[in-house]
Amino acid sequence: MFRTGYEIFINKIEELEEGKELQKEIRDAKTYERKTVKALFSSSPEKLPDGDLLWIRGPLGPLLNEKPWRIKIISET
């Protein structure tokens, strides 16, 4: 299945604090371009309705959560 949005590679879901601005490295799911961003993260589409899709992956690549989170990029660093 082709994915859109962004991907993030982390060890555990707890690394993403919801509603807090965090600096993380993400990857564009379509172009595979990596970038470091400051962003807000949410597991609920309702809490971040203008956010992009974010697929959470473990360090070796498997999805940690089948449902995408949301990411709102504040700035690229």
# chains A, B, ... in the order shown; residues from 1 in each chain; ligands from 1
>>> residues_around(residues="Ile10 (chain A)", least_positions_apart="4", cutoff="8 Å", atoms="only C-alpha atoms", output="VMD selection string")
chain A and resid 15 56 to 59
>>> residues_around(residues="Ile74 (chain A)", least_positions_apart="2", cutoff="12 Å", atoms="only C-alpha atoms", output="list of chain:residue names")
A:Lys20, A:Glu21, A:Leu22, A:Gln23, A:Lys24, A:Thr36, A:Val37, A:Lys38, A:Ala39, A:Leu40, A:Phe41, A:Gly51, A:Asp52, A:Ile71, A:Lys72, A:Glu76, A:Thr77
>>> write_last_selection(atoms="C-alpha atoms", output="compact mmCIF listing (two decimals), in the first residue's frame")
# COMPACT_ATOMS: atom_id res chain seq x y z
CA LYS A 20 4.32 19.60 22.77
CA GLU A 21 6.62 21.14 20.17
CA LEU A 22 9.45 18.65 19.54
CA GLN A 23 12.46 18.56 17.24
CA LYS A 24 12.55 15.25 15.32
CA THR A 36 14.74 17.68 10.82
CA VAL A 37 11.71 19.66 11.93
CA LYS A 38 10.12 21.30 14.92
CA ALA A 39 6.57 20.01 15.00
CA LEU A 40 3.47 19.16 17.00
CA PHE A 41 2.35 15.52 17.14
CA GLY A 51 -1.93 18.16 10.45
CA ASP A 52 -0.41 15.84 7.86
CA ILE A 71 2.06 16.07 12.47
CA LYS A 72 2.00 19.84 12.11
CA GLU A 76 12.53 23.03 9.40
CA THR A 77 15.85 23.12 11.25
>>> select_by_dssp(residues="chain A", states="strand (DSSP E or B)", output="CSV table (one decimal) with C-alpha atoms, in the first residue's frame")
chain,number,residue,atom,x,y,z
A,6,TYR,CA,5.5,11.5,6.6
A,7,GLU,CA,7.3,8.7,8.5
A,8,ILE,CA,9.2,8.8,11.7
A,9,PHE,CA,11.5,6.1,13.1
A,22,LEU,CA,9.4,18.7,19.5
A,23,GLN,CA,12.5,18.6,17.2
A,24,LYS,CA,12.6,15.3,15.3
A,25,GLU,CA,13.9,13.8,12.1
A,26,ILE,CA,11.1,12.7,9.7
A,27,ARG,CA,11.0,11.3,6.2
A,28,ASP,CA,8.6,12.2,3.3
A,34,ARG,CA,14.7,13.2,5.3
A,35,LYS,CA,14.5,16.5,7.2
A,36,THR,CA,14.7,17.7,10.8
A,37,VAL,CA,11.7,19.7,11.9
A,38,LYS,CA,10.1,21.3,14.9
A,39,ALA,CA,6.6,20.0,15.0
A,40,LEU,CA,3.5,19.2,17.0
A,41,PHE,CA,2.3,15.5,17.1
A,42,SER,CA,-1.0,13.9,17.9
A,52,ASP,CA,-0.4,15.8,7.9
A,53,LEU,CA,-0.4,12.0,8.1
A,54,LEU,CA,2.5,10.6,10.2
A,55,TRP,CA,3.3,6.9,10.1
A,56,ILE,CA,5.2,5.7,13.2
A,57,ARG,CA,7.9,3.1,12.5
A,63,LEU,CA,4.9,0.1,11.8
A,69,TRP,CA,-0.8,10.0,13.7
A,70,ARG,CA,-0.9,13.7,12.7
A,71,ILE,CA,2.1,16.1,12.5
A,72,LYS,CA,2.0,19.8,12.1
A,73,ILE,CA,5.4,21.2,11.0
A,74,ILE,CA,6.3,24.5,12.7
A,75,SER,CA,9.7,24.9,11.1
A,76,GLU,CA,12.5,23.0,9.4
>>> atom_distance(atom1="CA of Gly19 (chain A)", atom2="CA of Asp50 (chain A)")
13.4 Å
>>> closest_residue(among="A:Ser43, A:Thr31, A:Pro62, A:Lys67", to="Glu17 (chain A)", atoms="only C-alpha atoms")
A:Ser43
>>> atom_distance(atom1="CA of Glu46 (chain A)", atom2="CA of Leu60 (chain A)")
29.4 Å
